[in-house]
Amino acid sequence: MEIAFNYENFFDRTIYSSIAHAIFVLAHPFFDYEQSWDGLNYSYISDSSRGVVSFDPHNRIAVGAARNETGARMLQFANVPALRCFHGAPETVIGLADRETLEYLYVLVGRKKRRMITTACWLVNDTLCSHDSQEDFIKHGGEFLAEIMFADNLSDYWKEAYEWNNNEWEEADRLFRLFKSGQRQLKAEEILGWHQYPKGREACVTSLEEIGFQI
């Protein structure tokens, strides 16, 4: 797979998705595990798949790795070093995968913990690459990532996924505009739903603070 894809667009789509997630978990805190950030590492869990994308803004590269935990490759790749999925990628990509991305994707195989993935991708020179076809990338753990990367309108995607009304959709757009403009100090009580859903406040704040908001 080789697809023209802009680095800033990729990063912005993960940020927007995290903002949408923060608004959603305010009302539904049980689902706070589905998306998170640690520095410039974005993690997701979706159905039987989990994955991580690591960003390097200095070199304008991104590395994605995922696994479908119920798929056939879990057995096929059980003894395959995770870095092999990046064979032939630039050294900057392999280094980022080894140093950051794969460190979030350990699994217990027998009695040993090891890094385990069933598909991978990387973005370099504004080209998204993978040894898998787009179809196989989706099948083997990258479905969620492909959905947010390739959605024609990401706000509409989350509006439908979360069954939002227009107010929630507009709040996601508002917070994303604030993020992009660098205005990242928020008053908690101004977040839509803050007074209505006290049980989800901690999950919402955590999600927003992970991407740099100060609340």
# chains A, B, ... in the order shown; residues from 1 in each chain; ligands from 1

call {"tool": "residues_around", "arguments": {"residues": "Ser18 (chain A)", "least_positions_apart": "2", "cutoff": "12 Å", "atoms": "only C-alpha atoms", "output": "number ranges by chain"}}
result
A: 11-16, 20-25, 32-37, 42-44, 148, 154-155, 158, 172-173, 175-176, 179, 203-213

call {"tool": "select_by_dssp", "arguments": {"residues": "region 44-168 of chain A", "states": "strand (DSSP E or B)", "output": "number ranges by chain"}}
result
A: 44-46, 49-56, 61-68, 106-109, 112-115, 119-124, 127-129

call {"tool": "write_last_selection", "arguments": {"atoms": "C-alpha atoms", "output": "mmCIF file, in the first residue's frame"}}
result
data_model
loop_
_atom_site.group_PDB
_atom_site.id
_atom_site.type_symbol
_atom_site.label_atom_id
_atom_site.label_comp_id
_atom_site.auth_asym_id
_atom_site.auth_seq_id
_atom_site.Cartn_x
_atom_site.Cartn_y
_atom_site.Cartn_z
ATOM 1 C CA TYR A 44 -6.764 3.022 20.342
ATOM 2 C CA ILE A 45 -8.825 -0.062 21.140
ATOM 3 C CA SER A 46 -11.714 -0.897 18.822
ATOM 4 C CA SER A 49 -8.193 -4.580 17.468
ATOM 5 C CA ARG A 50 -5.715 -2.336 19.215
ATOM 6 C CA GLY A 51 -3.055 -0.094 17.785
ATOM 7 C CA VAL A 52 -0.678 2.780 18.313
ATOM 8 C CA VAL A 53 0.472 5.651 16.121
ATOM 9 C CA SER A 54 3.662 7.527 17.022
ATOM 10 C CA PHE A 55 4.360 10.956 15.561
ATOM 11 C CA ASP A 56 7.714 12.644 14.982
ATOM 12 C CA ILE A 61 7.074 10.868 10.027
ATOM 13 C CA ALA A 62 4.433 8.715 11.689
ATOM 14 C CA VAL A 63 4.494 5.042 12.542
ATOM 15 C CA GLY A 64 1.400 2.917 13.041
ATOM 16 C CA ALA A 65 1.226 -0.634 14.364
ATOM 17 C CA ALA A 66 -1.811 -2.732 15.234
ATOM 18 C CA ARG A 67 -3.064 -6.199 15.885
ATOM 19 C CA ASN A 68 -6.386 -7.963 15.451
ATOM 20 C CA TYR A 106 3.273 -6.206 24.344
ATOM 21 C CA VAL A 107 1.336 -9.430 24.718
ATOM 22 C CA LEU A 108 1.897 -12.619 26.692
ATOM 23 C CA VAL A 109 2.991 -15.474 24.422
ATOM 24 C CA LYS A 112 6.951 -14.498 27.821
ATOM 25 C CA LYS A 113 5.938 -10.919 27.145
ATOM 26 C CA ARG A 114 6.796 -9.833 23.644
ATOM 27 C CA ARG A 115 5.865 -7.113 21.194
ATOM 28 C CA THR A 119 -0.048 -5.126 10.567
ATOM 29 C CA ALA A 120 1.859 -1.861 10.321
ATOM 30 C CA CYS A 121 2.078 1.356 8.339
ATOM 31 C CA TRP A 122 4.322 4.384 8.214
ATOM 32 C CA LEU A 123 4.081 7.897 6.823
ATOM 33 C CA VAL A 124 7.179 9.408 5.254
ATOM 34 C CA THR A 127 3.222 8.949 1.580
ATOM 35 C CA LEU A 128 1.460 6.342 3.683
ATOM 36 C CA CYS A 129 3.138 2.956 3.207
#

call {"tool": "closest_residue", "arguments": {"among": "A:Asp38, A:Glu171, A:Asp156, A:Glu189", "to": "Ile19 (chain A)", "atoms": "only C-alpha atoms"}}
result
A:Glu171

call {"tool": "atom_distance", "arguments": {"atom1": "CA of Glu2 (chain A)", "atom2": "CA of Ser130 (chain A)"}}
result
6.8 Å

call {"tool": "atom_distance", "arguments": {"atom1": "CA of Met116 (chain A)", "atom2": "CA of Leu83 (chain A)"}}
result
9.3 Å

call {"tool": "atom_distance", "arguments": {"atom1": "CA of Phe31 (chain A)", "atom2": "CA of Gly193 (chain A)"}}
result
16.4 Å

call {"tool": "closest_residue", "arguments": {"among": "A:Leu178, A:Leu186, A:Ile215, A:Met149", "to": "Phe5 (chain A)", "atoms": "only C-alpha atoms"}}
result
A:Met149

call {"tool": "select_by_dssp", "arguments": {"residues": "chain A", "states": "alpha helix (DSSP H)", "output": "VMD selection string"}}
result
chain A and resid 7 to 27 73 to 76 91 to 99 134 to 137 143 to 150 154 to 161 166 to 181 201 to 210

call {"tool": "closest_residue", "arguments": {"among": "A:Ser48, A:Asn59, A:Ser17, A:Asn9", "to": "Asn125 (chain A)", "atoms": "only C-alpha atoms"}}
result
A:Asn59

call {"tool": "decode", "arguments": {"residues": "region 60-80 of chain A", "atoms": "N, CA and C atoms", "output": "short mmCIF file (atom, residue, chain, number, x, y, z; two decimals), in the first residue's frame"}}
result
data_model
loop_
_atom_site.label_atom_id
_atom_site.label_comp_id
_atom_site.auth_asym_id
_atom_site.auth_seq_id
_atom_site.Cartn_x
_atom_site.Cartn_y
_atom_site.Cartn_z
N ARG A 60 8.76 14.74 10.40
CA ARG A 60 7.49 14.61 9.66
C ARG A 60 7.24 13.15 9.27
N ILE A 61 7.38 12.27 10.25
CA ILE A 61 7.07 10.87 10.03
C ILE A 61 6.08 10.40 11.09
N ALA A 62 5.34 9.36 10.75
CA ALA A 62 4.43 8.72 11.69
C ALA A 62 4.55 7.22 11.49
N VAL A 63 4.41 6.50 12.58
CA VAL A 63 4.49 5.04 12.54
C VAL A 63 3.25 4.47 13.20
N GLY A 64 2.58 3.57 12.50
CA GLY A 64 1.40 2.92 13.04
C GLY A 64 1.61 1.41 13.12
N ALA A 65 1.15 0.81 14.21
CA ALA A 65 1.23 -0.63 14.36
C ALA A 65 -0.05 -1.09 15.06
N ALA A 66 -0.54 -2.27 14.68
CA ALA A 66 -1.81 -2.73 15.23
C ALA A 66 -1.86 -4.25 15.22
N ARG A 67 -2.80 -4.77 15.97
CA ARG A 67 -3.06 -6.20 15.89
C ARG A 67 -4.56 -6.45 16.04
N ASN A 68 -5.04 -7.43 15.30
CA ASN A 68 -6.39 -7.96 15.45
C ASN A 68 -6.26 -9.20 16.33
N GLU A 69 -6.72 -9.10 17.54
CA GLU A 69 -6.44 -10.13 18.52
C GLU A 69 -7.26 -11.40 18.33
N THR A 70 -8.20 -11.40 17.39
CA THR A 70 -8.96 -12.61 17.08
C THR A 70 -8.69 -13.10 15.66
N GLY A 71 -7.75 -12.46 14.97
CA GLY A 71 -7.48 -12.81 13.59
C GLY A 71 -6.47 -13.94 13.44
N ALA A 72 -6.40 -14.48 12.23
CA ALA A 72 -5.52 -15.62 11.94
C ALA A 72 -4.05 -15.28 12.13
N ARG A 73 -3.68 -14.04 11.93
CA ARG A 73 -2.27 -13.68 12.03
C ARG A 73 -1.73 -13.73 13.45
N MET A 74 -2.59 -13.72 14.44
CA MET A 74 -2.09 -13.83 15.81
C MET A 74 -1.30 -15.12 15.99
N LEU A 75 -1.74 -16.17 15.34
CA LEU A 75 -1.01 -17.43 15.40
C LEU A 75 0.14 -17.43 14.40
N GLN A 76 -0.12 -16.93 13.19
CA GLN A 76 0.90 -16.92 12.15
C GLN A 76 2.10 -16.06 12.52
N PHE A 77 1.86 -14.95 13.24
CA PHE A 77 2.91 -14.00 13.58
C PHE A 77 3.46 -14.20 14.99
N ALA A 78 3.05 -15.28 15.64
CA ALA A 78 3.39 -15.48 17.06
C ALA A 78 4.89 -15.44 17.30
N ASN A 79 5.68 -15.93 16.35
CA ASN A 79 7.13 -15.97 16.52
C ASN A 79 7.87 -15.05 15.54
N VAL A 80 7.12 -14.10 14.96
CA VAL A 80 7.71 -13.14 14.03
C VAL A 80 8.06 -11.86 14.78
#
